[in-house]
Structure formats: C-alpha cells, structure tokens
Amino acid sequence: MEFSKGHGTENDFVILPDPDVALALPAHRIAALCDRRRGLGADGLLRVARAGALAAVGVLPELPEGVAADDWFMDYRNGDGSIAEMCGNGVRVFAHYLRATGLELRDEFVVGSRAGARPVRVHAADHVHGDVTVDMGRVRELGASTATVGGRVLEGIGIDVGNPHLACVDPDLTPASLAALDLTAAPGFDPGFFPEGVNIEILTALADGAVQMRVHERGVGETRSCGTGTVAAAVAALRAHGDSDGKVEVRVPGGRVEVSVDGGRAALRGPSVLVAGGQIDDRWWTELG
Ligand SMILES: N[C@H](CCC[C@H](N)C(=O)O)C(=O)O
C-alpha cells in the first residue's frame, strides 16, 4: 500500500493515494499508522481521493457546498483517528503532493474538504518543496470563552475556521514565557461552548505585524503548527489590536506562515515539504483488523 510523508511547518501527515476509495480507514487503523512507535508516526492522515468516489461509497454523506465530484478531496483524519472538518497545513501539503506527483497539472484548483471548497494557488512545487496559498473561506467569531493551562485561566475567542478554535491572546506573554508553558496536558475548556471539542491556540499580542503561537490540537495533542489555528490566531490578534482586516505573520514552533484577513475571509500562505514515500506492508495493515 503506497504512502508518502509530508509536513507543513512541521505539522506532519501520512498521505495515502486512494483515488477510487478502495481503502477502509477505521479509526483504530489510522491511530496505529499515526502512532510514532508502532506505526509510521504523524499528526494526521490525508487520503487523496476524488470527491465523487468518497460520496459514492458513503464516506461523504453528500458533496460539500462548492465541491464537484471530480475535485480532489482531502479526506483528513486526526492522529487519534477522529475526523476533522478542515486542516490548513494539510491542504498545502495535499496540493503540493498533487502537483509533485502529476495528479494535478494546474497551479490553481479547488481542494475539497468537509468544510467546503478550498481553492489553492501553488506558487512553487518540486518533488521536495512547495509554496502554497489556500483560500480558507469565511471565518466566524463565536464569542468569548476561556481555557485553563497549568491552573491559569486564559481569556479567548471562539473562532470557526471550518473547525472549532479557541484563540487566547495574552498581552503579558513573551516568546520565552510562551515557550515555557506546559502543554503536555490538554488545556481545560468549556464543553458547553465547544460540544465537539476544540483546538486551543495561545499567542502573544500583535507586534510589528507578527504573533508567536503554540497550539494544542483536538484529536492530536500539542503540534508544532496548526494551519486553521494560525488563521484563528491572526483573527484574534487583529481583533485585540482593534483591527478586523490585515496581514499577520504567525510564528509557530515549526516555522512561519502568513495569514491575510479581509472582510471576514482569510487566506493562508506557507511552505510544504514532501519527505519520503514508500510502501506500507499489506499484511501489517490487514492484521490491524
Ligand atoms: N486537529 C484539528 C484538525 C487539524 C488542524 C490542523 N492540523 C491544521 O493544520 O489546520 C481538528 O480536530 O479540528
């Protein structure tokens, strides 16, 4: 079974080409594959399939708005096997993979996601490095809520980027104190406000057009980057700064991305790296049950 491995600012993914949706992907198999000791190891999994093929076998109940049957669809799963609506770093790696393998010959095309159509522009793509902008669509503020980290209560804004986020801007945070935060345990949050769980970003205030951010992801744990999270962080940082639109460089442990916010919509530009490709042993995969 063919696979590739890639990452966007060190948020890493196993990529499974499966255009006709021949693979069964129960959660326990994904969790084993993404486990960093008993499997290949990754924050998440990207199945590469045609949207119509996913709908035909019932993986998708229907085609999401704006997604055509022959669009490539990013069937994203978190490392614990759970399904998430959208993955911003994942779309960049997905688009890079399509161009690098020749599955897609255009530089501008739509990637389908459970959150809807995500148009991409591939600025550069060779067999290792890519540079991609993703139209992240409409971003919706959900109101104020809080997170608890190491016994401290942090004020945040709930933000819908197709998936749920709580972005906590702490004006007293410095890069050093942010780096010192213990995120090994999942931050506490209000399950009434986020009944489907939440990705939690903690970030410094906007300064010189940039913020520093760490993230604890739903279904994964702390990651070195979260693309949808950088969009939520940029929206929250602009809002705390008294702005609604603007460009923000979001610096995460795994690198840097640029988020543009305009009229309630966002775009995310950043790198992608394809690290390796190979074969997953069919018998190992089957024995997972
Ligand atoms: N853990 C997220 C999905 C992956 C998001 C992140 N990897 C990104 O790049 O946006 C969730 O459950 O909503």
# chains A, B, ... in the order shown; residues from 1 in each chain; ligands from 1

$ select_by_dssp --residues "stretch 50-273 of chain A" --states "alpha helix (DSSP H)" --output "PDB file with N, CA and C atoms, in the first residue's frame"
ATOM      1  N   ALA A  51     -13.743  13.469  -4.908  1.00  0.00           N
ATOM      2  CA  ALA A  51     -14.891  13.732  -4.024  1.00  0.00           C
ATOM      3  C   ALA A  51     -16.065  12.823  -4.368  1.00  0.00           C
ATOM      4  N   GLY A  52     -16.295  12.627  -5.680  1.00  0.00           N
ATOM      5  CA  GLY A  52     -17.434  11.803  -6.093  1.00  0.00           C
ATOM      6  C   GLY A  52     -17.289  10.353  -5.663  1.00  0.00           C
ATOM      7  N   ALA A  53     -16.035   9.867  -5.639  1.00  0.00           N
ATOM      8  CA  ALA A  53     -15.806   8.465  -5.235  1.00  0.00           C
ATOM      9  C   ALA A  53     -16.074   8.296  -3.736  1.00  0.00           C
ATOM     10  N   LEU A  54     -15.727   9.326  -2.946  1.00  0.00           N
ATOM     11  CA  LEU A  54     -15.999   9.279  -1.498  1.00  0.00           C
ATOM     12  C   LEU A  54     -17.500   9.304  -1.220  1.00  0.00           C
ATOM     13  N   ALA A  55     -18.207  10.109  -2.025  1.00  0.00           N
ATOM     14  CA  ALA A  55     -19.669  10.187  -1.831  1.00  0.00           C
ATOM     15  C   ALA A  55     -20.332   8.881  -2.279  1.00  0.00           C
ATOM     16  N   ALA A  56     -19.788   8.294  -3.352  1.00  0.00           N
ATOM     17  CA  ALA A  56     -20.417   7.077  -3.917  1.00  0.00           C
ATOM     18  C   ALA A  56     -20.387   5.921  -2.924  1.00  0.00           C
ATOM     19  N   GLY A  88      -5.546  23.202   7.678  1.00  0.00           N
ATOM     20  CA  GLY A  88      -4.918  24.215   6.825  1.00  0.00           C
ATOM     21  C   GLY A  88      -3.528  23.828   6.351  1.00  0.00           C
ATOM     22  N   ASN A  89      -2.705  23.290   7.253  1.00  0.00           N
ATOM     23  CA  ASN A  89      -1.383  22.808   6.810  1.00  0.00           C
ATOM     24  C   ASN A  89      -1.565  21.612   5.870  1.00  0.00           C
ATOM     25  N   GLY A  90      -2.579  20.809   6.187  1.00  0.00           N
ATOM     26  CA  GLY A  90      -2.820  19.628   5.358  1.00  0.00           C
ATOM     27  C   GLY A  90      -3.179  19.979   3.930  1.00  0.00           C
ATOM     28  N   VAL A  91      -3.963  21.041   3.722  1.00  0.00           N
ATOM     29  CA  VAL A  91      -4.344  21.410   2.348  1.00  0.00           C
ATOM     30  C   VAL A  91      -3.117  21.837   1.551  1.00  0.00           C
ATOM     31  N   ARG A  92      -2.173  22.526   2.198  1.00  0.00           N
ATOM     32  CA  ARG A  92      -0.957  22.933   1.476  1.00  0.00           C
ATOM     33  C   ARG A  92      -0.148  21.710   1.050  1.00  0.00           C
ATOM     34  N   VAL A  93       0.007  20.751   1.997  1.00  0.00           N
ATOM     35  CA  VAL A  93       0.769  19.535   1.663  1.00  0.00           C
ATOM     36  C   VAL A  93       0.026  18.721   0.602  1.00  0.00           C
ATOM     37  N   PHE A  94      -1.296  18.675   0.726  1.00  0.00           N
ATOM     38  CA  PHE A  94      -2.144  17.934  -0.228  1.00  0.00           C
ATOM     39  C   PHE A  94      -1.988  18.497  -1.642  1.00  0.00           C
ATOM     40  N   ALA A  95      -2.070  19.827  -1.752  1.00  0.00           N
ATOM     41  CA  ALA A  95      -1.938  20.478  -3.066  1.00  0.00           C
ATOM     42  C   ALA A  95      -0.533  20.276  -3.635  1.00  0.00           C
ATOM     43  N   HIS A  96       0.479  20.398  -2.779  1.00  0.00           N
ATOM     44  CA  HIS A  96       1.869  20.182  -3.201  1.00  0.00           C
ATOM     45  C   HIS A  96       2.035  18.757  -3.730  1.00  0.00           C
ATOM     46  N   TYR A  97       1.483  17.785  -2.989  1.00  0.00           N
ATOM     47  CA  TYR A  97       1.580  16.369  -3.391  1.00  0.00           C
ATOM     48  C   TYR A  97       0.941  16.152  -4.773  1.00  0.00           C
ATOM     49  N   LEU A  98      -0.251  16.726  -4.983  1.00  0.00           N
ATOM     50  CA  LEU A  98      -0.932  16.569  -6.273  1.00  0.00           C
ATOM     51  C   LEU A  98      -0.079  17.102  -7.424  1.00  0.00           C
ATOM     52  N   ARG A  99       0.556  18.261  -7.210  1.00  0.00           N
ATOM     53  CA  ARG A  99       1.374  18.844  -8.280  1.00  0.00           C
ATOM     54  C   ARG A  99       2.671  18.072  -8.474  1.00  0.00           C
ATOM     55  N   ALA A 100       3.276  17.653  -7.347  1.00  0.00           N
ATOM     56  CA  ALA A 100       4.584  16.966  -7.440  1.00  0.00           C
ATOM     57  C   ALA A 100       4.443  15.584  -8.080  1.00  0.00           C
ATOM     58  N   THR A 101       3.291  14.964  -7.928  1.00  0.00           N
ATOM     59  CA  THR A 101       3.085  13.614  -8.491  1.00  0.00           C
ATOM     60  C   THR A 101       2.454  13.666  -9.879  1.00  0.00           C
ATOM     61  N   PRO A 175       7.815  35.631  24.069  1.00  0.00           N
ATOM     62  CA  PRO A 175       8.200  34.357  23.426  1.00  0.00           C
ATOM     63  C   PRO A 175       8.762  33.358  24.443  1.00  0.00           C
ATOM     64  N   ALA A 176       9.507  33.880  25.416  1.00  0.00           N
ATOM     65  CA  ALA A 176      10.118  32.970  26.419  1.00  0.00           C
ATOM     66  C   ALA A 176       9.062  32.369  27.328  1.00  0.00           C
ATOM     67  N   SER A 177       8.129  33.208  27.804  1.00  0.00           N
ATOM     68  CA  SER A 177       7.116  32.656  28.719  1.00  0.00           C
ATOM     69  C   SER A 177       6.133  31.761  27.973  1.00  0.00           C
ATOM     70  N   LEU A 178       5.920  32.055  26.686  1.00  0.00           N
ATOM     71  CA  LEU A 178       5.064  31.161  25.860  1.00  0.00           C
ATOM     72  C   LEU A 178       5.741  29.795  25.728  1.00  0.00           C
ATOM     73  N   ALA A 179       7.042  29.842  25.445  1.00  0.00           N
ATOM     74  CA  ALA A 179       7.784  28.572  25.264  1.00  0.00           C
ATOM     75  C   ALA A 179       7.822  27.763  26.559  1.00  0.00           C
ATOM     76  N   ALA A 180       7.717  28.468  27.686  1.00  0.00           N
ATOM     77  CA  ALA A 180       7.828  27.784  28.990  1.00  0.00           C
ATOM     78  C   ALA A 180       6.513  27.143  29.437  1.00  0.00           C
ATOM     79  N   GLY A 227      -2.563  24.928  10.854  1.00  0.00           N
ATOM     80  CA  GLY A 227      -2.881  25.952   9.854  1.00  0.00           C
ATOM     81  C   GLY A 227      -4.180  26.687  10.141  1.00  0.00           C
ATOM     82  N   THR A 228      -5.244  25.930  10.421  1.00  0.00           N
ATOM     83  CA  THR A 228      -6.507  26.599  10.777  1.00  0.00           C
ATOM     84  C   THR A 228      -6.325  27.401  12.063  1.00  0.00           C
ATOM     85  N   GLY A 229      -5.429  26.883  12.935  1.00  0.00           N
ATOM     86  CA  GLY A 229      -5.147  27.589  14.188  1.00  0.00           C
ATOM     87  C   GLY A 229      -4.447  28.912  13.967  1.00  0.00           C
ATOM     88  N   THR A 230      -3.574  28.957  12.934  1.00  0.00           N
ATOM     89  CA  THR A 230      -2.896  30.238  12.666  1.00  0.00           C
ATOM     90  C   THR A 230      -3.895  31.278  12.134  1.00  0.00           C
ATOM     91  N   VAL A 231      -4.913  30.793  11.424  1.00  0.00           N
ATOM     92  CA  VAL A 231      -5.958  31.723  10.954  1.00  0.00           C
ATOM     93  C   VAL A 231      -6.746  32.252  12.140  1.00  0.00           C
ATOM     94  N   ALA A 232      -7.123  31.343  13.052  1.00  0.00           N
ATOM     95  CA  ALA A 232      -7.858  31.779  14.257  1.00  0.00           C
ATOM     96  C   ALA A 232      -7.015  32.756  15.075  1.00  0.00           C
ATOM     97  N   ALA A 233      -5.724  32.449  15.189  1.00  0.00           N
ATOM     98  CA  ALA A 233      -4.818  33.315  15.958  1.00  0.00           C
ATOM     99  C   ALA A 233      -4.727  34.701  15.319  1.00  0.00           C
ATOM    100  N   ALA A 234      -4.614  34.737  14.001  1.00  0.00           N
ATOM    101  CA  ALA A 234      -4.494  36.036  13.308  1.00  0.00           C
ATOM    102  C   ALA A 234      -5.760  36.870  13.506  1.00  0.00           C
ATOM    103  N   VAL A 235      -6.923  36.228  13.381  1.00  0.00           N
ATOM    104  CA  VAL A 235      -8.192  36.958  13.575  1.00  0.00           C
ATOM    105  C   VAL A 235      -8.279  37.500  14.994  1.00  0.00           C
ATOM    106  N   ALA A 236      -7.917  36.676  15.973  1.00  0.00           N
ATOM    107  CA  ALA A 236      -7.991  37.115  17.379  1.00  0.00           C
ATOM    108  C   ALA A 236      -6.983  38.223  17.661  1.00  0.00           C
ATOM    109  N   ALA A 237      -5.779  38.096  17.095  1.00  0.00           N
ATOM    110  CA  ALA A 237      -4.739  39.110  17.344  1.00  0.00           C
ATOM    111  C   ALA A 237      -5.127  40.451  16.729  1.00  0.00           C
ATOM    112  N   LEU A 238      -5.677  40.404  15.511  1.00  0.00           N
ATOM    113  CA  LEU A 238      -6.124  41.648  14.865  1.00  0.00           C
ATOM    114  C   LEU A 238      -7.235  42.289  15.692  1.00  0.00           C
ATOM    115  N   ARG A 239      -8.174  41.448  16.151  1.00  0.00           N
ATOM    116  CA  ARG A 239      -9.317  41.960  16.932  1.00  0.00           C
ATOM    117  C   ARG A 239      -8.820  42.612  18.222  1.00  0.00           C
ATOM    118  N   ALA A 240      -7.859  41.953  18.889  1.00  0.00           N
ATOM    119  CA  ALA A 240      -7.339  42.513  20.161  1.00  0.00           C
ATOM    120  C   ALA A 240      -6.604  43.824  19.907  1.00  0.00           C
TER     121      ALA A 240
END

$ select_by_dssp --residues "stretch 52-287 of chain A" --states "strand (DSSP E or B)" --output "MDAnalysis selection string"
chainID A and resid 72:78 83 108:113 116:125 129:138 140:149 152:160 164:169 188 199:203 207 210:217 221:223 246:252 255:262 265:279

$ residues_near_ligand --ligand "ligand 1" --cutoff "8 Å" --atoms "only C-alpha atoms and all ligand atoms" --output "PyMOL selection string"
chain A and resi 8+11+43-44+76-78+82-91+163-165+197-199+217-220+223+225-230

$ closest_atom_pairs --of "stretch 198-286 of chain A" --to "stretch 20-24 of chain A" --cutoff "12 Å" --atoms "only C-alpha atoms" --output "tab-separated table"
residue	atom	partner	partner_atom	distance
A:Asp282	CA	A:Leu23	CA	11.2
A:Trp285	CA	A:Ala24	CA	10.3
A:Thr286	CA	A:Ala24	CA	10.1

$ closest_residue --among "A:Arg265, A:Arg29, A:Arg283, A:Arg152" --to "A:Met136" --atoms "only C-alpha atoms"
A:Arg265

$ residues_around --residues "A:Arg138" --least-positions-apart "5" --cutoff "8 Å" --atoms "only C-alpha atoms" --output "list in words"
Val161, Gly264, Arg265 and Ala266 of chain A

$ write_last_selection --atoms "N, CA and C atoms" --output "short mmCIF file (atom, residue, chain, number, x, y, z; two decimals), in the first residue's frame"
data_model
loop_
_atom_site.label_atom_id
_atom_site.label_comp_id
_atom_site.auth_asym_id
_atom_site.auth_seq_id
_atom_site.Cartn_x
_atom_site.Cartn_y
_atom_site.Cartn_z
N VAL A 161 -13.19 28.09 11.88
CA VAL A 161 -12.40 28.16 10.64
C VAL A 161 -12.79 26.96 9.76
N GLY A 264 -13.83 39.34 6.64
CA GLY A 264 -14.36 38.11 7.23
C GLY A 264 -13.90 36.84 6.55
N ARG A 265 -13.02 36.99 5.53
CA ARG A 265 -12.46 35.80 4.87
C ARG A 265 -10.94 35.79 5.10
N ALA A 266 -10.36 34.62 5.02
CA ALA A 266 -8.91 34.51 5.28
C ALA A 266 -8.23 33.71 4.18
#

$ residues_around --residues "A:Val48" --least-positions-apart "3" --cutoff "7 Å" --atoms "only C-alpha atoms" --output "ChimeraX atom specification"
/A:16-19,72-75

$ write_last_selection --atoms "C-alpha atoms" --output "PDB file, in the first residue's frame"
ATOM      1  CA  LEU A  16      -2.496   7.817   1.201  1.00  0.00           C
ATOM      2  CA  PRO A  17      -3.268   7.959  -2.537  1.00  0.00           C
ATOM      3  CA  ASP A  18      -6.649   6.262  -2.892  1.00  0.00           C
ATOM      4  CA  PRO A  19      -8.443   7.935  -5.854  1.00  0.00           C
ATOM      5  CA  TRP A  72      -9.600  16.097  -5.449  1.00  0.00           C
ATOM      6  CA  PHE A  73     -10.827  15.777  -1.862  1.00  0.00           C
ATOM      7  CA  MET A  74      -8.650  15.898   1.235  1.00  0.00           C
ATOM      8  CA  ASP A  75     -10.149  13.163   3.435  1.00  0.00           C
TER       9      ASP A  75
END

$ decode --residues "stretch 10-49 of chain A" --atoms "N, CA and C atoms" --output "PDB file, in the first residue's frame"
ATOM      1  N   GLU A  10       6.090  21.646   9.996  1.00  0.00           N
ATOM      2  CA  GLU A  10       6.334  20.527  10.923  1.00  0.00           C
ATOM      3  C   GLU A  10       5.047  19.971  11.544  1.00  0.00           C
ATOM      4  N   ASN A  11       3.928  20.267  10.963  1.00  0.00           N
ATOM      5  CA  ASN A  11       2.660  19.568  11.260  1.00  0.00           C
ATOM      6  C   ASN A  11       2.620  18.470  10.206  1.00  0.00           C
ATOM      7  N   ASP A  12       2.817  17.203  10.644  1.00  0.00           N
ATOM      8  CA  ASP A  12       3.154  16.167   9.656  1.00  0.00           C
ATOM      9  C   ASP A  12       2.013  15.190   9.393  1.00  0.00           C
ATOM     10  N   PHE A  13       2.059  14.643   8.192  1.00  0.00           N
ATOM     11  CA  PHE A  13       0.937  13.831   7.710  1.00  0.00           C
ATOM     12  C   PHE A  13       1.419  12.618   6.930  1.00  0.00           C
ATOM     13  N   VAL A  14       0.692  11.524   7.101  1.00  0.00           N
ATOM     14  CA  VAL A  14       0.833  10.405   6.171  1.00  0.00           C
ATOM     15  C   VAL A  14      -0.163  10.666   5.039  1.00  0.00           C
ATOM     16  N   ILE A  15       0.317  10.533   3.794  1.00  0.00           N
ATOM     17  CA  ILE A  15      -0.537  10.769   2.622  1.00  0.00           C
ATOM     18  C   ILE A  15      -0.836   9.424   1.980  1.00  0.00           C
ATOM     19  N   LEU A  16      -2.099   9.095   1.814  1.00  0.00           N
ATOM     20  CA  LEU A  16      -2.496   7.817   1.201  1.00  0.00           C
ATOM     21  C   LEU A  16      -3.224   8.077  -0.116  1.00  0.00           C
ATOM     22  N   PRO A  17      -2.558   7.823  -1.253  1.00  0.00           N
ATOM     23  CA  PRO A  17      -3.268   7.959  -2.537  1.00  0.00           C
ATOM     24  C   PRO A  17      -4.307   6.857  -2.673  1.00  0.00           C
ATOM     25  N   ASP A  18      -5.558   7.240  -2.838  1.00  0.00           N
ATOM     26  CA  ASP A  18      -6.649   6.262  -2.892  1.00  0.00           C
ATOM     27  C   ASP A  18      -7.780   6.848  -3.737  1.00  0.00           C
ATOM     28  N   PRO A  19      -7.486   7.155  -5.033  1.00  0.00           N
ATOM     29  CA  PRO A  19      -8.443   7.935  -5.854  1.00  0.00           C
ATOM     30  C   PRO A  19      -9.842   7.326  -5.923  1.00  0.00           C
ATOM     31  N   ASP A  20      -9.880   5.952  -5.924  1.00  0.00           N
ATOM     32  CA  ASP A  20     -11.193   5.311  -6.081  1.00  0.00           C
ATOM     33  C   ASP A  20     -11.783   4.833  -4.757  1.00  0.00           C
ATOM     34  N   VAL A  21     -11.146   5.221  -3.648  1.00  0.00           N
ATOM     35  CA  VAL A  21     -11.632   4.890  -2.292  1.00  0.00           C
ATOM     36  C   VAL A  21     -11.769   3.381  -2.109  1.00  0.00           C
ATOM     37  N   ALA A  22     -10.645   2.729  -2.292  1.00  0.00           N
ATOM     38  CA  ALA A  22     -10.587   1.266  -2.107  1.00  0.00           C
ATOM     39  C   ALA A  22     -10.231   0.913  -0.664  1.00  0.00           C
ATOM     40  N   LEU A  23      -9.680   1.887   0.091  1.00  0.00           N
ATOM     41  CA  LEU A  23      -9.164   1.594   1.438  1.00  0.00           C
ATOM     42  C   LEU A  23     -10.255   1.800   2.489  1.00  0.00           C
ATOM     43  N   ALA A  24     -10.311   0.872   3.441  1.00  0.00           N
ATOM     44  CA  ALA A  24     -11.168   1.071   4.623  1.00  0.00           C
ATOM     45  C   ALA A  24     -10.286   1.732   5.683  1.00  0.00           C
ATOM     46  N   LEU A  25     -10.749   2.836   6.233  1.00  0.00           N
ATOM     47  CA  LEU A  25      -9.930   3.605   7.186  1.00  0.00           C
ATOM     48  C   LEU A  25     -10.643   3.744   8.535  1.00  0.00           C
ATOM     49  N   PRO A  26     -10.853   2.604   9.247  1.00  0.00           N
ATOM     50  CA  PRO A  26     -11.438   2.739  10.582  1.00  0.00           C
ATOM     51  C   PRO A  26     -10.474   3.463  11.509  1.00  0.00           C
ATOM     52  N   ALA A  27     -10.997   4.087  12.537  1.00  0.00           N
ATOM     53  CA  ALA A  27     -10.189   4.941  13.415  1.00  0.00           C
ATOM     54  C   ALA A  27      -8.994   4.194  14.007  1.00  0.00           C
ATOM     55  N   HIS A  28      -9.180   2.920  14.368  1.00  0.00           N
ATOM     56  CA  HIS A  28      -8.076   2.211  15.059  1.00  0.00           C
ATOM     57  C   HIS A  28      -6.894   1.985  14.119  1.00  0.00           C
ATOM     58  N   ARG A  29      -7.191   1.829  12.801  1.00  0.00           N
ATOM     59  CA  ARG A  29      -6.081   1.645  11.849  1.00  0.00           C
ATOM     60  C   ARG A  29      -5.304   2.955  11.680  1.00  0.00           C
ATOM     61  N   ILE A  30      -6.047   4.067  11.617  1.00  0.00           N
ATOM     62  CA  ILE A  30      -5.402   5.379  11.467  1.00  0.00           C
ATOM     63  C   ILE A  30      -4.550   5.677  12.694  1.00  0.00           C
ATOM     64  N   ALA A  31      -5.091   5.371  13.876  1.00  0.00           N
ATOM     65  CA  ALA A  31      -4.344   5.618  15.115  1.00  0.00           C
ATOM     66  C   ALA A  31      -3.052   4.803  15.136  1.00  0.00           C
ATOM     67  N   ALA A  32      -3.107   3.561  14.642  1.00  0.00           N
ATOM     68  CA  ALA A  32      -1.897   2.719  14.601  1.00  0.00           C
ATOM     69  C   ALA A  32      -0.899   3.290  13.601  1.00  0.00           C
ATOM     70  N   LEU A  33      -1.361   3.696  12.445  1.00  0.00           N
ATOM     71  CA  LEU A  33      -0.475   4.219  11.403  1.00  0.00           C
ATOM     72  C   LEU A  33       0.187   5.517  11.852  1.00  0.00           C
ATOM     73  N   CYS A  34      -0.575   6.355  12.597  1.00  0.00           N
ATOM     74  CA  CYS A  34      -0.047   7.657  13.037  1.00  0.00           C
ATOM     75  C   CYS A  34       0.753   7.559  14.334  1.00  0.00           C
ATOM     76  N   ASP A  35       0.723   6.397  14.976  1.00  0.00           N
ATOM     77  CA  ASP A  35       1.489   6.230  16.217  1.00  0.00           C
ATOM     78  C   ASP A  35       2.982   6.295  15.914  1.00  0.00           C
ATOM     79  N   ARG A  36       3.730   7.086  16.707  1.00  0.00           N
ATOM     80  CA  ARG A  36       5.141   7.342  16.358  1.00  0.00           C
ATOM     81  C   ARG A  36       6.040   6.183  16.759  1.00  0.00           C
ATOM     82  N   ARG A  37       5.496   5.112  17.308  1.00  0.00           N
ATOM     83  CA  ARG A  37       6.350   3.955  17.604  1.00  0.00           C
ATOM     84  C   ARG A  37       5.878   2.700  16.910  1.00  0.00           C
ATOM     85  N   ARG A  38       4.558   2.479  16.954  1.00  0.00           N
ATOM     86  CA  ARG A  38       4.118   1.212  16.339  1.00  0.00           C
ATOM     87  C   ARG A  38       3.701   1.397  14.894  1.00  0.00           C
ATOM     88  N   GLY A  39       3.730   2.676  14.439  1.00  0.00           N
ATOM     89  CA  GLY A  39       3.343   2.919  13.045  1.00  0.00           C
ATOM     90  C   GLY A  39       4.356   3.814  12.368  1.00  0.00           C
ATOM     91  N   LEU A  40       3.914   4.555  11.366  1.00  0.00           N
ATOM     92  CA  LEU A  40       4.807   5.485  10.656  1.00  0.00           C
ATOM     93  C   LEU A  40       4.998   6.762  11.477  1.00  0.00           C
ATOM     94  N   GLY A  41       3.960   7.166  12.199  1.00  0.00           N
ATOM     95  CA  GLY A  41       4.024   8.393  13.004  1.00  0.00           C
ATOM     96  C   GLY A  41       3.610   9.610  12.199  1.00  0.00           C
ATOM     97  N   ALA A  42       2.612  10.321  12.699  1.00  0.00           N
ATOM     98  CA  ALA A  42       2.162  11.573  12.060  1.00  0.00           C
ATOM     99  C   ALA A  42       1.118  12.224  12.955  1.00  0.00           C
ATOM    100  N   ASP A  43       0.929  13.535  12.737  1.00  0.00           N
ATOM    101  CA  ASP A  43      -0.152  14.245  13.449  1.00  0.00           C
ATOM    102  C   ASP A  43      -1.513  13.893  12.854  1.00  0.00           C
ATOM    103  N   GLY A  44      -1.493  13.544  11.553  1.00  0.00           N
ATOM    104  CA  GLY A  44      -2.764  13.261  10.883  1.00  0.00           C
ATOM    105  C   GLY A  44      -2.542  12.513   9.582  1.00  0.00           C
ATOM    106  N   LEU A  45      -3.647  12.181   8.929  1.00  0.00           N
ATOM    107  CA  LEU A  45      -3.633  11.404   7.688  1.00  0.00           C
ATOM    108  C   LEU A  45      -4.450  12.111   6.614  1.00  0.00           C
ATOM    109  N   LEU A  46      -3.905  12.136   5.409  1.00  0.00           N
ATOM    110  CA  LEU A  46      -4.604  12.736   4.260  1.00  0.00           C
ATOM    111  C   LEU A  46      -4.851  11.638   3.231  1.00  0.00           C
ATOM    112  N   ARG A  47      -6.108  11.237   3.072  1.00  0.00           N
ATOM    113  CA  ARG A  47      -6.429  10.327   1.967  1.00  0.00           C
ATOM    114  C   ARG A  47      -6.687  11.177   0.725  1.00  0.00           C
ATOM    115  N   VAL A  48      -6.048  10.803  -0.365  1.00  0.00           N
ATOM    116  CA  VAL A  48      -6.186  11.542  -1.633  1.00  0.00           C
ATOM    117  C   VAL A  48      -7.203  10.809  -2.488  1.00  0.00           C
ATOM    118  N   ALA A  49      -8.399  11.416  -2.656  1.00  0.00           N
ATOM    119  CA  ALA A  49      -9.465  10.726  -3.394  1.00  0.00           C
ATOM    120  C   ALA A  49     -10.303  11.740  -4.160  1.00  0.00           C
TER     121      ALA A  49
END
